[in-house]
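As structure tokens, the structure follows; a few thoughts come after it.
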Amino acid sequence: MIAAHMDSIGLRVSKIVDGFLHITNVGGIDVRVLPGAEVTVHASGSQEELPAVIAKPPERFLPESAGEAVIGINYLLVDTGLTPRDVERKVRVGDLVSFANGPFDLAGDVVSGHSLDNRASVAALTVCLEELQAKSHFLDVWAVATVQEETNYLGAYSSAFALRPQIAIAVDGTFAKGPGANSWQTIPLGKGVGLCLGPNMHPFLHTKLKELAERLEIPWFLDVTTSDSGTDAFAMQVTAEGIPTALVEFPIRYMHMPIESVAVKDIQRAGRLLAEFIASLEADFVETILWE
Amino acid sequence: MPTFGNAQLKLLEKLCNAIAVSGDEAEVRKIVLEEIKPYADEVKVDALGSVLATRIGNRRNGKRMRVMLDAHMDEVGFMLVADDGEGIYRFESVGGIDVRYLVGKQVLVGRERIPGVIGGKPVHLMNADERTKKAPLDSLRIDIGIGGKANVGDRATFATKFRRAGPSILSKSIDDRIGVATLIDLLKHAPPNIDLCAAFSVQEEIGLRGAKVAAQ
């Protein structure tokens, strides 16, 4: 099973007051990016997609400390520009609110936009499947676009349980080096894939992926994680009686902002590595997975 | 009588989608000049770049008052101030922008409108203290992609486009393109008993500087 989650972080209407929408987060929203963000309100009352913007209320409605602080999500308002009466008619508490800015093509084949975590991995799976069309492989492959990763990895649990794969590989983003991000948790953008190592991964699979990347001259970086990798791999590993799990990553700048940026080259590399890995597996591969 | 109908809204959309960060008002100036030329008796562009247009009243008898109306063409934005290499630039605000509106926004850089984003440290990599504070301007960068080339001194502004939302408009630089659109329309429909001096001024956002000399 190769898994990439297709959900993204977002917002939900929590209360409607005087035509303005209060919001709460779905998944790990970075609240600092919200003031001034263009959003779409998915209005269930009228089945419309309403253009809107997230407004910071005037200072006098904010706590005195707010000048230097991040403005909490509970103070922010979504303004649809509609009259209070129309808002009441169209919008319901619980309606989803998503980022509305379209993708941007930056220099060097970098794509920037919202939800690239993890749509870029869904694209990587399609690269993998395309490459597999021209290859023979002993093992059956399930490519799964999972749901609800950003909240509790729920789709990965249930899909892996239904499929009972012998090996599970998650594809997801990791932190790219960039403004404000240069620590040991980061890898350079556009220079290769990340291969994750830690208790969440089976070391044998990690080693095989690493050796294959070396052989194919696909540049890769080691990404270590001490416990939860924060990906579908965390769920799939403990599904049913336990599944040997690996995590193939590509670097993303500005994680969880509506300007997440990825290099197309890294996506292609991740897809190709997956395909080559699958094609390299012998019929008895699962029996060869050893601890020592 | 001047009204604000579809034609005026179209003009407003064109004005709002134009980019004119203080000190580089060329795009809006061009639209203003095109629009007013057939109606103004006198048009000049002053030393700072403001457009000064006069429409002489046609009442022959009696004294006509000279009335000056002003709307500023410029908008808040950014300027690239240092090249960090590999397509990443330090920037400063031009005019008053709350820093809390910046991180995570798409921008257009320079007259070629190079697409870029305002990036900073992802929240996951922040310590507890950083998470509670707003991101200071000097922690943010404009990123135009791997190996992208812009120039220090280039202006940038938000990449949002004019949108209608029910009875409202969502756009960048409504302040003061709505004033510019209104003043253009007033010039087209000036009352006959006055000489209307319309000043489309520059550099309002950085200290009302265009209007100061326009009024002279």
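Going through the structure tokens in order, the chains are called A, B, and so on, while each chain numbers its residues from 1 and the ligands are numbered from 1 in the order shown.
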>> Using DSSP secondary structure from the backbone, list all strand (DSSP E or B) positions within range 39-212 of chain B, as an NGL selection string.
In response: :B and (42-45 or 51-55 or 65-72 or 75 or 77-85 or 88-94 or 106-109 or 114-119 or 133 or 141-143 or 145 or 155-158 or 163-165 or 168-170 or 194-201)
> Which polymer residues have any atom within 9 Å of an atom of Phe138 in chain A, counting only C-alpha atoms, with same-chain residues fewer than 6 positions away left out, as a ChimeraX atom specification?
Replying inline: /A:278-283
> Can you tell me how far CA of Val171 in chain A sits from CA of Lys191 in chain A, in Å to one decimal?
Replying inline: 17.0 Å
> Taking the backbone alone, and naming residues the way the document does, which bits of range 24-208 of chain A are helix (DSSP H, G or I) by DSSP, as a ChimeraX atom specification?
Replying inline: /A:31-33,59-61,64-67,73-75,84-90,116-133,149-152,154-163,203-208
Residues of chain B at most 6 Å from chain A: nearest atom pair and distance in Å, only C-alpha atoms, as CSV:
residue,atom,partner,partner_atom,distance
B:Tyr101,CA,A:Pro35,CA,5.4
B:Val103,CA,A:Val33,CA,5.6
B:Gly104,CA,A:Val33,CA,5.3
B:Gly120,CA,A:Pro179,CA,5.3
B:Lys121,CA,A:Gly180,CA,4.2
B:Pro122,CA,A:Tyr254,CA,5.3
B:Thr132,CA,A:Val70,CA,5.6
B:Lys133,CA,A:Ala69,CA,4.3
B:Lys134,CA,A:Val70,CA,4.7
B:Ile144,CA,A:Leu106,CA,5.5
B:Gly145,CA,A:Ala107,CA,4.3
B:Ile146,CA,A:Gly108,CA,4.7
B:Gly148,CA,A:Ala107,CA,4.9
B:Ala165,CA,A:Gly81,CA,5.5
B:Gly166,CA,A:Leu82,CA,5.4
B:Ser168,CA,A:Gly81,CA,5.0
Keeping only N, CA, C and O atoms, take the residues you just selected and write them out as an mmCIF file, in the first residue's frame.
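Listing of out_9.cif after writing:
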data_model
loop_
_atom_site.group_PDB
_atom_site.id
_atom_site.type_symbol
_atom_site.label_atom_id
_atom_site.label_comp_id
_atom_site.auth_asym_id
_atom_site.auth_seq_id
_atom_site.Cartn_x
_atom_site.Cartn_y
_atom_site.Cartn_z
ATOM 1 N N TYR B 101 -0.585 41.129 8.774
ATOM 2 C CA TYR B 101 -1.239 40.757 7.509
ATOM 3 C C TYR B 101 -0.282 40.122 6.508
ATOM 4 O O TYR B 101 -0.679 39.812 5.388
ATOM 5 N N VAL B 103 2.555 37.455 6.641
ATOM 6 C CA VAL B 103 3.068 36.107 6.418
ATOM 7 C C VAL B 103 2.015 35.228 5.721
ATOM 8 O O VAL B 103 0.836 35.273 6.053
ATOM 9 N N GLY B 104 2.462 34.513 4.715
ATOM 10 C CA GLY B 104 1.565 33.597 4.018
ATOM 11 C C GLY B 104 0.823 34.213 2.845
ATOM 12 O O GLY B 104 -0.077 33.587 2.300
ATOM 13 N N GLY B 120 7.946 32.706 6.044
ATOM 14 C CA GLY B 120 8.641 32.795 7.323
ATOM 15 C C GLY B 120 8.692 31.414 7.930
ATOM 16 O O GLY B 120 8.328 30.424 7.286
ATOM 17 N N LYS B 121 9.102 31.370 9.168
ATOM 18 C CA LYS B 121 9.283 30.093 9.853
ATOM 19 C C LYS B 121 7.948 29.363 10.004
ATOM 20 O O LYS B 121 6.971 29.969 10.452
ATOM 21 N N PRO B 122 7.885 28.086 9.640
ATOM 22 C CA PRO B 122 6.631 27.348 9.875
ATOM 23 C C PRO B 122 6.376 27.164 11.377
ATOM 24 O O PRO B 122 7.320 27.050 12.156
ATOM 25 N N THR B 132 3.575 32.502 20.320
ATOM 26 C CA THR B 132 2.607 33.450 20.866
ATOM 27 C C THR B 132 2.801 34.858 20.297
ATOM 28 O O THR B 132 1.945 35.711 20.461
ATOM 29 N N LYS B 133 3.941 35.105 19.648
ATOM 30 C CA LYS B 133 4.238 36.471 19.184
ATOM 31 C C LYS B 133 4.004 36.604 17.682
ATOM 32 O O LYS B 133 4.176 35.663 16.932
ATOM 33 N N LYS B 134 3.647 37.821 17.283
ATOM 34 C CA LYS B 134 3.517 38.057 15.847
ATOM 35 C C LYS B 134 4.899 37.957 15.204
ATOM 36 O O LYS B 134 5.913 38.228 15.849
ATOM 37 N N ILE B 144 10.800 34.218 -4.434
ATOM 38 C CA ILE B 144 10.268 34.139 -5.802
ATOM 39 C C ILE B 144 10.668 32.833 -6.481
ATOM 40 O O ILE B 144 10.526 32.689 -7.682
ATOM 41 N N GLY B 145 11.136 31.871 -5.677
ATOM 42 C CA GLY B 145 11.439 30.552 -6.228
ATOM 43 C C GLY B 145 12.927 30.344 -6.399
ATOM 44 O O GLY B 145 13.711 31.292 -6.354
ATOM 45 N N ILE B 146 13.287 29.083 -6.630
ATOM 46 C CA ILE B 146 14.709 28.715 -6.686
ATOM 47 C C ILE B 146 15.387 29.425 -7.856
ATOM 48 O O ILE B 146 14.992 29.261 -9.007
ATOM 49 N N GLY B 148 15.273 32.469 -8.698
ATOM 50 C CA GLY B 148 14.525 33.587 -9.273
ATOM 51 C C GLY B 148 15.312 34.891 -9.155
ATOM 52 O O GLY B 148 16.088 35.065 -8.218
ATOM 53 N N ALA B 165 -18.536 40.646 -4.153
ATOM 54 C CA ALA B 165 -19.125 39.731 -3.174
ATOM 55 C C ALA B 165 -20.461 40.328 -2.750
ATOM 56 O O ALA B 165 -20.505 41.201 -1.890
ATOM 57 N N GLY B 166 -21.529 39.887 -3.388
ATOM 58 C CA GLY B 166 -22.841 40.469 -3.108
ATOM 59 C C GLY B 166 -22.782 41.963 -3.356
ATOM 60 O O GLY B 166 -22.293 42.409 -4.391
ATOM 61 N N SER B 168 -20.846 44.006 -2.012
ATOM 62 C CA SER B 168 -19.534 44.523 -1.600
ATOM 63 C C SER B 168 -18.456 44.215 -2.630
ATOM 64 O O SER B 168 -18.664 43.439 -3.549
#
> CA of Ile289 in chain A and CA of Leu212 in chain A, how far apart in Å?
Replying inline: 15.5 Å
> What does the distance between CA of Gly207 in chain B and CA of Lys161 in chain B come to in Å, to one decimal place?
Replying inline: 26.3 Å
> Smallest atom-to-atom distance to Glu130 in chain A: which of A:Ala275, A:Ile2, A:Ala170, A:Leu197, using only C-alpha atoms?
Replying inline: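 Of A:Ala275, A:Ile2, A:Ala170, A:Leu197, the one nearest Glu130 in chain A is A:Ala275, counting only C-alpha atoms.
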>> For Arg59 in chain B, find every residue with an atom within 9 Å (counting only C-alpha atoms), except residues of its own chain fewer than 5 positions away, and show them as a PyMOL selection string.
In response: chain B and resi 64+192-194
>> At a cut-off of 8 Å, using only C-alpha atoms, what residues contact Cys197 in chain B? Leave out same-chain residues fewer than 3 positions from it and give the result as a list in words.
In response: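 Within the cut-off, the hits are Leu52, Ala53, Thr54, Arg55, Arg66, Val67, Met68 and Leu69 of chain B.
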Residues from last step as file, N, CA, C and O atoms, as a short mmCIF file (atom, residue, chain, number, x, y, z; two decimals), in the first residue's frame:
data_model
loop_
_atom_site.label_atom_id
_atom_site.label_comp_id
_atom_site.auth_asym_id
_atom_site.auth_seq_id
_atom_site.Cartn_x
_atom_site.Cartn_y
_atom_site.Cartn_z
N LEU B 52 -2.19 66.53 -12.68
CA LEU B 52 -3.01 67.69 -12.35
C LEU B 52 -3.84 68.04 -13.58
O LEU B 52 -3.30 68.32 -14.63
N ALA B 53 -5.15 67.98 -13.42
CA ALA B 53 -6.03 68.23 -14.56
C ALA B 53 -7.00 69.33 -14.20
O ALA B 53 -7.49 69.40 -13.09
N THR B 54 -7.25 70.20 -15.17
CA THR B 54 -8.21 71.27 -14.93
C THR B 54 -9.30 71.20 -15.98
O THR B 54 -9.02 71.01 -17.17
N ARG B 55 -10.51 71.32 -15.53
CA ARG B 55 -11.62 71.47 -16.47
C ARG B 55 -12.25 72.83 -16.19
O ARG B 55 -12.77 73.08 -15.09
N ARG B 66 -12.52 78.38 -8.25
CA ARG B 66 -11.57 77.29 -8.52
C ARG B 66 -11.66 76.29 -7.37
O ARG B 66 -11.45 76.65 -6.21
N VAL B 67 -11.99 75.05 -7.69
CA VAL B 67 -12.13 74.01 -6.66
C VAL B 67 -11.12 72.91 -6.94
O VAL B 67 -11.04 72.42 -8.06
N MET B 68 -10.34 72.58 -5.94
CA MET B 68 -9.40 71.46 -6.12
C MET B 68 -9.91 70.24 -5.38
O MET B 68 -10.28 70.31 -4.22
N LEU B 69 -9.96 69.13 -6.08
CA LEU B 69 -10.28 67.85 -5.44
C LEU B 69 -9.09 66.93 -5.63
O LEU B 69 -8.46 66.94 -6.68
#
Rows by chain and residue number, range 6-46 of chain A within 6 Å of range 142-162 of chain A, shortest pair, only C-alpha atoms, as JSON lines:
{"residue": "A:Met6", "atom": "CA", "partner": "A:Ala145", "partner_atom": "CA", "distance": 5.5}
{"residue": "A:Asp7", "atom": "CA", "partner": "A:Val147", "partner_atom": "CA", "distance": 5.4}
{"residue": "A:Gly27", "atom": "CA", "partner": "A:Thr151", "partner_atom": "CA", "distance": 5.0}
>> Let me make sure I understand: among A:Asp18, A:Asp232, A:Glu217, A:Glu292, which one has the smallest atom-to-atom distance to Arg85 in chain A if we use only C-alpha atoms?
In response: A:Asp18
> Which residues, written as an NGL selection string, have at least one atom at most 7 Å from Arg90 in chain B, with only C-alpha atoms counted and residues fewer than 3 positions away on the same chain left out?
Replying inline: :B and (80-84 or 141-142)
> Excluding same-chain residues fewer than 5 positions from Val107 in chain B, what lies within 6 Å of it counting only C-alpha atoms, as an MDAnalysis selection string?
Replying inline: chainID B and resid 116:117 157:159
Can you write out the residues you just picked, keeping N, CA, C and O atoms, as a PDB file, in the first residue's frame?
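Output contents, as saved in again_18.pdb:
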ATOM      1  N   GLY B 116       5.589  35.898  -6.288  1.00  0.00           N
ATOM      2  CA  GLY B 116       6.374  35.575  -5.097  1.00  0.00           C
ATOM      3  C   GLY B 116       5.458  35.341  -3.917  1.00  0.00           C
ATOM      4  O   GLY B 116       4.249  35.540  -4.009  1.00  0.00           O
ATOM      5  N   VAL B 117       6.048  34.913  -2.818  1.00  0.00           N
ATOM      6  CA  VAL B 117       5.268  34.693  -1.592  1.00  0.00           C
ATOM      7  C   VAL B 117       6.018  35.285  -0.410  1.00  0.00           C
ATOM      8  O   VAL B 117       7.249  35.385  -0.427  1.00  0.00           O
ATOM      9  N   THR B 157       3.569  44.153  -4.288  1.00  0.00           N
ATOM     10  CA  THR B 157       2.301  44.354  -3.599  1.00  0.00           C
ATOM     11  C   THR B 157       1.526  43.042  -3.557  1.00  0.00           C
ATOM     12  O   THR B 157       1.924  42.050  -4.165  1.00  0.00           O
ATOM     13  N   PHE B 158       0.437  43.043  -2.806  1.00  0.00           N
ATOM     14  CA  PHE B 158      -0.375  41.838  -2.678  1.00  0.00           C
ATOM     15  C   PHE B 158      -0.915  41.417  -4.046  1.00  0.00           C
ATOM     16  O   PHE B 158      -1.297  42.263  -4.862  1.00  0.00           O
ATOM     17  N   ALA B 159      -0.980  40.111  -4.262  1.00  0.00           N
ATOM     18  CA  ALA B 159      -1.383  39.584  -5.574  1.00  0.00           C
ATOM     19  C   ALA B 159      -2.888  39.363  -5.675  1.00  0.00           C
ATOM     20  O   ALA B 159      -3.343  38.734  -6.609  1.00  0.00           O
TER      21      ALA B 159
END
> Using only C-alpha atoms, which of A:Val97, A:Ala123, A:Ile73, A:Val91 sits nearest His5 in chain A?
Replying inline: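 Among the listed residues, the smallest separation from His5 in chain A belongs to A:Ala123.
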> Leaving out range 29-39 of chain B and any residue of its chain fewer than 6 positions from it, which residues lie within 10 Å of it when counting only C-alpha atoms, given as a count of residues only?
Replying inline: 29
